[in-house]
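J.: Input file: query-v8.csv. Contents: CSV, C-alpha atoms.
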chain,number,residue,atom,x,y,z
A,1,MET,CA,107.4,23.0,100.9
A,2,ALA,CA,110.5,22.8,98.7
A,3,ARG,CA,111.7,26.2,97.6
A,4,VAL,CA,113.4,24.9,94.4
A,5,THR,CA,112.3,22.2,91.9
A,6,VAL,CA,113.8,21.3,88.6
A,7,GLN,CA,111.4,19.1,86.7
A,8,ALA,CA,110.3,18.0,83.2
A,9,ALA,CA,106.6,18.4,84.1
A,10,ASP,CA,104.6,21.6,83.7
A,11,PHE,CA,103.5,23.6,86.7
A,12,ASP,CA,100.4,25.5,87.9
A,13,LEU,CA,100.8,29.1,89.0
A,14,SER,CA,97.6,29.1,91.1
A,15,ALA,CA,98.6,26.0,93.0
A,16,GLU,CA,102.1,27.3,93.7
A,17,VAL,CA,100.8,30.7,94.9
A,18,ALA,CA,98.3,29.0,97.1
A,19,ALA,CA,101.0,26.9,98.7
A,20,LEU,CA,103.2,30.0,99.2
A,21,ARG,CA,100.5,31.8,101.0
A,22,GLU,CA,99.2,28.8,103.0
A,23,GLY,CA,99.3,29.4,106.8
A,24,ASP,CA,100.9,32.8,106.6
A,25,GLY,CA,98.5,35.6,107.5
A,26,GLY,CA,101.3,38.1,107.2
A,27,VAL,CA,101.4,37.9,103.4
A,28,GLY,CA,100.0,41.0,101.8
A,29,ALA,CA,101.6,40.6,98.3
A,30,VAL,CA,102.6,37.8,96.0
A,31,VAL,CA,104.5,38.5,92.8
A,32,GLY,CA,104.8,35.8,90.2
A,33,PHE,CA,106.9,35.7,87.1
A,34,ILE,CA,106.5,33.0,84.4
A,35,GLY,CA,109.0,32.6,81.5
A,36,THR,CA,107.6,30.9,78.4
A,37,VAL,CA,109.1,29.5,75.2
A,38,ARG,CA,109.0,31.9,72.2
A,39,ASP,CA,108.4,30.7,68.7
A,40,ARG,CA,111.1,32.9,67.4
A,41,ASN,CA,114.6,34.2,68.4
A,42,GLY,CA,115.5,37.1,66.2
A,43,GLY,CA,114.0,35.4,63.1
A,44,GLN,CA,110.5,34.8,61.7
A,45,ALA,CA,107.5,33.8,63.8
A,46,GLY,CA,107.4,30.0,63.9
A,47,ASP,CA,111.2,29.6,63.3
A,48,VAL,CA,111.7,27.9,66.7
A,49,ARG,CA,110.0,24.5,66.4
A,50,ALA,CA,111.1,23.1,69.7
A,51,MET,CA,113.4,23.8,72.6
A,52,GLU,CA,115.5,21.4,74.7
A,53,LEU,CA,116.7,22.5,78.2
A,54,GLU,CA,119.8,20.9,79.8
A,55,HIS,CA,120.9,21.5,83.4
A,56,TYR,CA,123.7,20.4,85.8
A,57,PRO,CA,121.9,18.2,88.3
A,58,GLY,CA,122.9,19.1,91.8
A,59,MET,CA,124.6,22.3,91.0
A,60,THR,CA,121.5,23.9,89.5
A,61,GLU,CA,119.4,23.3,92.6
A,62,ARG,CA,122.3,24.5,94.9
A,63,ALA,CA,122.8,27.6,92.8
A,64,ILE,CA,119.1,28.5,93.0
A,65,GLU,CA,118.9,27.8,96.7
A,66,ALA,CA,121.8,30.1,97.2
A,67,MET,CA,120.1,32.9,95.3
A,68,ILE,CA,117.0,32.5,97.3
A,69,ASP,CA,119.1,32.8,100.5
A,70,GLN,CA,120.5,36.0,99.0
A,71,ALA,CA,117.0,37.3,98.2
A,72,PHE,CA,115.9,36.7,101.9
A,73,ALA,CA,119.1,38.6,103.0
A,74,ARG,CA,118.5,41.6,100.7
A,75,PHE,CA,114.7,42.0,100.8
A,76,ASP,CA,111.9,41.8,103.4
A,77,ILE,CA,110.1,38.8,102.0
A,78,ARG,CA,108.2,36.0,103.6
A,79,GLY,CA,108.5,33.1,101.0
A,80,ALA,CA,109.9,32.2,97.6
A,81,ARG,CA,109.3,29.5,95.1
A,82,VAL,CA,111.3,28.6,92.0
A,83,ILE,CA,110.4,26.0,89.4
A,84,HIS,CA,112.4,25.5,86.3
A,85,ARG,CA,111.6,22.9,83.6
A,86,VAL,CA,114.1,20.8,81.7
A,87,GLY,CA,113.9,18.4,78.8
A,88,GLN,CA,111.9,18.8,75.6
A,89,LEU,CA,109.6,21.9,75.4
A,90,GLN,CA,107.4,23.4,72.7
A,91,PRO,CA,106.8,27.0,71.8
A,92,ARG,CA,104.4,28.6,74.3
A,93,ASP,CA,105.2,26.1,77.0
A,94,GLN,CA,106.0,27.5,80.4
A,95,ILE,CA,109.7,27.3,81.3
A,96,VAL,CA,110.2,29.0,84.6
A,97,LEU,CA,108.3,30.2,87.6
A,98,VAL,CA,109.5,32.6,90.3
A,99,ALA,CA,107.0,33.6,93.0
A,100,VAL,CA,107.8,35.7,96.0
A,101,SER,CA,105.5,36.6,98.9
A,102,SER,CA,106.0,39.6,101.2
A,103,ALA,CA,103.9,41.9,103.5
A,104,HIS,CA,103.8,44.7,100.9
A,105,ARG,CA,104.3,44.7,97.2
A,106,GLY,CA,107.6,46.6,96.8
A,107,GLN,CA,109.8,44.0,98.3
A,108,ALA,CA,108.2,41.1,96.4
A,109,PHE,CA,108.5,42.9,93.1
A,110,MET,CA,112.2,43.6,93.7
A,111,ALA,CA,113.0,40.2,95.0
A,112,CYS,CA,111.2,38.5,92.0
A,113,GLU,CA,113.2,40.6,89.5
A,114,PHE,CA,116.4,40.0,91.5
A,115,LEU,CA,115.9,36.2,91.4
A,116,MET,CA,115.2,36.2,87.7
A,117,ASP,CA,118.2,38.3,86.9
A,118,TYR,CA,120.4,36.1,89.1
A,119,LEU,CA,119.0,32.9,87.6
A,120,LYS,CA,119.6,34.1,84.0
A,121,THR,CA,123.3,34.6,84.6
A,122,GLN,CA,124.3,32.1,87.4
A,123,ALA,CA,122.1,29.0,87.2
A,124,PRO,CA,123.5,26.3,85.0
A,125,PHE,CA,120.8,25.7,82.4
A,126,TRP,CA,121.4,25.7,78.6
A,127,LYS,CA,118.8,26.1,75.9
A,128,LYS,CA,119.0,24.4,72.5
A,129,GLU,CA,116.5,25.5,69.8
A,130,THR,CA,115.3,23.5,66.8
A,131,THR,CA,114.8,25.7,63.7
A,132,PRO,CA,114.3,25.0,60.0
A,133,ASP,CA,118.1,25.3,59.7
A,134,GLY,CA,118.7,22.6,62.3
A,135,ALA,CA,119.4,22.7,66.1
A,136,ARG,CA,121.5,25.4,67.7
A,137,TRP,CA,122.6,26.3,71.2
A,138,VAL,CA,121.2,29.6,72.3
A,139,ASP,CA,123.8,32.4,72.9
A,140,ALA,CA,124.0,34.1,76.3
A,141,ARG,CA,122.8,37.8,76.1
A,142,VAL,CA,124.8,40.7,77.3
A,143,ALA,CA,121.5,42.4,78.3
A,144,ASP,CA,121.1,39.7,81.0
A,145,ASP,CA,124.6,40.5,82.4
A,146,THR,CA,123.6,44.1,82.5
A,147,ALA,CA,120.4,43.3,84.4
A,148,ALA,CA,122.3,41.2,86.9
A,149,ALA,CA,124.9,43.9,87.4
A,150,ARG,CA,122.2,46.3,88.7
A,151,TRP,CA,122.1,44.1,91.8
A,152,GLY,CA,125.9,44.0,92.2
A,153,ILE,CA,125.9,40.4,91.0
A,154,PRO,CA,129.3,39.7,89.3
A,155,ALA,CA,128.1,38.5,85.9
A,156,GLY,CA,130.6,38.0,83.2
A,157,ASN,CA,128.4,35.3,81.8
A,158,ALA,CA,127.8,36.3,78.2
B,1,MET,CA,145.7,13.4,91.7
B,2,LYS,CA,142.6,12.3,89.8
B,3,VAL,CA,139.9,14.8,89.0
B,4,GLN,CA,136.5,14.1,87.6
B,5,VAL,CA,135.7,16.5,84.8
B,6,ARG,CA,132.1,16.9,83.5
B,7,TYR,CA,131.0,18.7,80.4
B,8,PHE,CA,127.6,20.3,79.6
B,9,ALA,CA,125.7,21.5,76.5
B,10,SER,CA,127.9,22.1,73.4
B,11,LEU,CA,131.0,20.9,75.3
B,12,ARG,CA,129.2,17.7,76.3
B,13,GLU,CA,128.3,17.1,72.6
B,14,ALA,CA,132.0,17.7,71.6
B,15,LEU,CA,133.8,15.8,74.5
B,16,GLY,CA,131.3,13.5,76.1
B,17,PRO,CA,129.6,13.8,79.5
B,18,GLN,CA,132.6,13.2,81.7
B,19,GLU,CA,136.2,11.9,82.0
B,20,THR,CA,138.8,11.4,84.7
B,21,VAL,CA,142.0,13.4,84.3
B,22,ASP,CA,145.3,12.9,86.2
B,23,LEU,CA,146.9,16.1,87.3
B,24,PRO,CA,149.8,17.3,89.6
B,25,ALA,CA,148.5,18.0,93.1
B,26,GLY,CA,147.6,21.6,93.7
B,27,SER,CA,146.8,22.3,90.0
B,28,THR,CA,144.3,25.1,89.3
B,29,LEU,CA,141.3,25.1,87.0
B,30,GLY,CA,143.3,27.0,84.5
B,31,GLN,CA,146.1,24.4,84.5
B,32,LEU,CA,143.5,21.7,84.1
B,33,ARG,CA,142.1,23.5,81.0
B,34,ASP,CA,145.7,23.9,79.7
B,35,ALA,CA,146.3,20.1,80.2
B,36,LEU,CA,143.1,19.4,78.2
B,37,LEU,CA,144.0,21.9,75.5
B,38,ALA,CA,147.5,20.2,75.2
B,39,ARG,CA,145.7,17.0,74.0
B,40,GLY,CA,144.9,18.8,70.8
B,41,GLY,CA,142.0,17.6,68.6
B,42,ARG,CA,138.5,18.0,69.9
B,43,HIS,CA,139.7,19.2,73.3
B,44,ALA,CA,141.8,22.0,71.7
B,45,GLN,CA,138.9,23.1,69.7
B,46,ALA,CA,136.1,22.9,72.3
B,47,LEU,CA,138.1,24.5,75.1
B,48,ALA,CA,140.1,27.0,73.0
B,49,ARG,CA,141.2,30.1,74.8
B,50,GLY,CA,139.2,32.4,72.5
B,51,ARG,CA,135.9,30.6,73.3
B,52,ALA,CA,133.6,31.5,76.1
B,53,VAL,CA,134.0,28.6,78.5
B,54,ARG,CA,132.8,28.8,82.1
B,55,CYS,CA,133.8,26.4,84.9
B,56,ALA,CA,132.6,25.1,88.2
B,57,LEU,CA,134.5,23.5,91.1
B,58,ASN,CA,132.5,21.2,93.3
B,59,GLN,CA,129.3,22.5,91.8
B,60,ALA,CA,130.0,26.2,92.4
B,61,MET,CA,130.9,28.7,89.7
B,62,GLY,CA,134.6,29.3,89.8
B,63,ASP,CA,137.4,31.1,88.0
B,64,GLU,CA,140.6,29.6,86.6
B,65,THR,CA,142.8,30.7,89.5
B,66,LEU,CA,141.1,28.3,91.9
B,67,ALA,CA,143.2,25.4,93.1
B,68,ILE,CA,141.5,22.0,92.7
B,69,PRO,CA,141.3,19.9,95.9
B,70,GLU,CA,141.9,16.1,95.8
B,71,GLY,CA,138.7,14.2,94.7
B,72,ALA,CA,137.1,17.4,93.3
B,73,GLU,CA,134.4,17.5,90.7
B,74,VAL,CA,135.1,20.1,88.0
B,75,ALA,CA,132.8,21.1,85.2
B,76,PHE,CA,133.3,23.1,82.0
B,77,PHE,CA,130.4,24.5,80.1
B,78,PRO,CA,129.3,27.5,77.9
B,79,PRO,CA,127.7,30.6,79.3
B,80,VAL,CA,124.4,29.7,80.9
B,81,THR,CA,121.1,30.4,79.1
B,82,GLY,CA,118.3,29.4,81.4
B,83,GLY,CA,115.2,31.2,82.5
I'd like the structure from this file rewritten - as structure tokens, please.

T.:
Amino acid sequence: MARVTVQAADFDLSAEVAALREGDGGVGAVVGFIGTVRDRNGGQAGDVRAMELEHYPGMTERAIEAMIDQAFARFDIRGARVIHRVGQLQPRDQIVLVAVSSAHRGQAFMACEFLMDYLKTQAPFWKKETTPDGARWVDARVADDTAAARWGIPAGNA
Amino acid sequence: MKVQVRYFASLREALGPQETVDLPAGSTLGQLRDALLARGGRHAQALARGRAVRCALNQAMGDETLAIPEGAEVAFFPPVTGG
């Protein structure tokens, strides 16, 4: 099974977790994270009408593969799966899935958070929101750099 | 040497998806950015030193001290905002 997929289509958490566990009786824990599109970004509920996600084909997949390699090196995990959507999305749509399997929960929790922190600051994706005032590119958040720095990831992204 | 330069997100909107730039052999990413800035106009604005611009060399994040090998693919883009 592919570890990384960048796609326009939606994804199904249950199907992905089932695939991650399939044939591995050593799995005792699966941690899954799903990021979704909010209908606001600092402003009023409903301000964000739509979101467009752009990526760098090729580099994006390579960057995420490299971060999964890092997760395997740092944590005692058995499997990892990342799906990130691109193209036109609507509020409440799913954007990203990170799922990690391990023997016990601790390592899967940590690896899942590590992968998300890494992805936020190192994977080439860009969000553009449509609001009542027009479309605008989303600014990078310093908080995401701070989260990545916990893992020793050099993150001067924002 | 010829270098393929790609732009993404707000930089793509300002400068187009890609262009080929002729540079002295051994130039760094920073020197490439300087050469583009020297063109003035949209390039000077989009790639201005005061703006947050990130770069990649052959599809890996890089800093401006990196030397560009012959036939390389370089990309400039704003800070990433995925996830």

J.: Hey, can you check how far atom CA of Leu32 of chain B sits from atom CA of Ala148 of chain A?

T.: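 Distance between the two atoms: 28.9 Å.
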
J.: What residues in chain A have any atom no more than 9 Å from chain B when counting all atoms listed in the file, and can you write them as a PyMOL selection string?

T.: chain A and resi 35-36+53-56+58-60+62-63+84+95-97+116-117+119-128+137-141+156-158

J.: Save out the residues we just selected, C-alpha atoms, as an mmCIF file, in the frame of the given file.

T.:
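Generated output (part38.cif):
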data_model
loop_
_atom_site.group_PDB
_atom_site.id
_atom_site.type_symbol
_atom_site.label_atom_id
_atom_site.label_comp_id
_atom_site.auth_asym_id
_atom_site.auth_seq_id
_atom_site.Cartn_x
_atom_site.Cartn_y
_atom_site.Cartn_z
ATOM 1 C CA GLY A 35 109.000 32.600 81.500
ATOM 2 C CA THR A 36 107.600 30.900 78.400
ATOM 3 C CA LEU A 53 116.700 22.500 78.200
ATOM 4 C CA GLU A 54 119.800 20.900 79.800
ATOM 5 C CA HIS A 55 120.900 21.500 83.400
ATOM 6 C CA TYR A 56 123.700 20.400 85.800
ATOM 7 C CA GLY A 58 122.900 19.100 91.800
ATOM 8 C CA MET A 59 124.600 22.300 91.000
ATOM 9 C CA THR A 60 121.500 23.900 89.500
ATOM 10 C CA ARG A 62 122.300 24.500 94.900
ATOM 11 C CA ALA A 63 122.800 27.600 92.800
ATOM 12 C CA HIS A 84 112.400 25.500 86.300
ATOM 13 C CA ILE A 95 109.700 27.300 81.300
ATOM 14 C CA VAL A 96 110.200 29.000 84.600
ATOM 15 C CA LEU A 97 108.300 30.200 87.600
ATOM 16 C CA MET A 116 115.200 36.200 87.700
ATOM 17 C CA ASP A 117 118.200 38.300 86.900
ATOM 18 C CA LEU A 119 119.000 32.900 87.600
ATOM 19 C CA LYS A 120 119.600 34.100 84.000
ATOM 20 C CA THR A 121 123.300 34.600 84.600
ATOM 21 C CA GLN A 122 124.300 32.100 87.400
ATOM 22 C CA ALA A 123 122.100 29.000 87.200
ATOM 23 C CA PRO A 124 123.500 26.300 85.000
ATOM 24 C CA PHE A 125 120.800 25.700 82.400
ATOM 25 C CA TRP A 126 121.400 25.700 78.600
ATOM 26 C CA LYS A 127 118.800 26.100 75.900
ATOM 27 C CA LYS A 128 119.000 24.400 72.500
ATOM 28 C CA TRP A 137 122.600 26.300 71.200
ATOM 29 C CA VAL A 138 121.200 29.600 72.300
ATOM 30 C CA ASP A 139 123.800 32.400 72.900
ATOM 31 C CA ALA A 140 124.000 34.100 76.300
ATOM 32 C CA ARG A 141 122.800 37.800 76.100
ATOM 33 C CA GLY A 156 130.600 38.000 83.200
ATOM 34 C CA ASN A 157 128.400 35.300 81.800
ATOM 35 C CA ALA A 158 127.800 36.300 78.200
#

J.: Would you mind listing what lies within 12 Å of segment 13-24 of chain B as a PyMOL selection string, with only C-alpha atoms counted and same-chain residues fewer than 5 positions away left out?

T.: (chain A and resi 54+56+128+136-137) or (chain B and resi 1-8+29-37+39+41-47+67-78)

J.: Would you compute the distance between atom CA of Leu11 of chain B and atom CA of Val98 of chain A? Give it in Å to one decimal.

T.: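 Atom CA of Val98 of chain A lies 28.7 Å from atom CA of Leu11 of chain B.
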
J.: Go through A:Thr5, A:Ser14, A:Thr130, A:Ser101 one by one, measure the shortest atom-to-atom distance of each to Gln88 of chain A using only C-alpha atoms, and give the residue with the smallest value.

T.: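 When distances to Gln88 of chain A are compared using only C-alpha atoms, the smallest one comes from A:Thr130.
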
J.: Quick one, how far is atom CA of Glu52 of chain A from atom CA of Thr146 of chain A?

T.: 25.3 Å

J.: Quick one: residues within 8 Å of Arg92 of chain A, only C-alpha atoms counted, chain neighbours fewer than 4 positions away excluded, as a list in words?

T.: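 Those residues are Thr36, Val37, Arg38 and Asp39 of chain A.
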
J.: Show which residues sit within 8 Å of Gly79 of chain A, as a PyMOL selection string. Count only C-alpha atoms, and ignore same-chain residues fewer than 5 positions away.

T.: chain A and resi 20+100-102

J.: Could you check the closest approach to Pro57 of chain A for each of A:Ala29, A:Ala111, A:Leu89, A:Val6 and tell me which residue wins, using only C-alpha atoms?

T.: A:Val6

J.: I need the residue nearest Gln70 of chain A from this list: A:Ala19, A:Met51, A:Ala147, A:Cys112. Use all atoms listed in the file for the distance.

T.: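 Smallest distance to Gln70 of chain A is found for A:Cys112.
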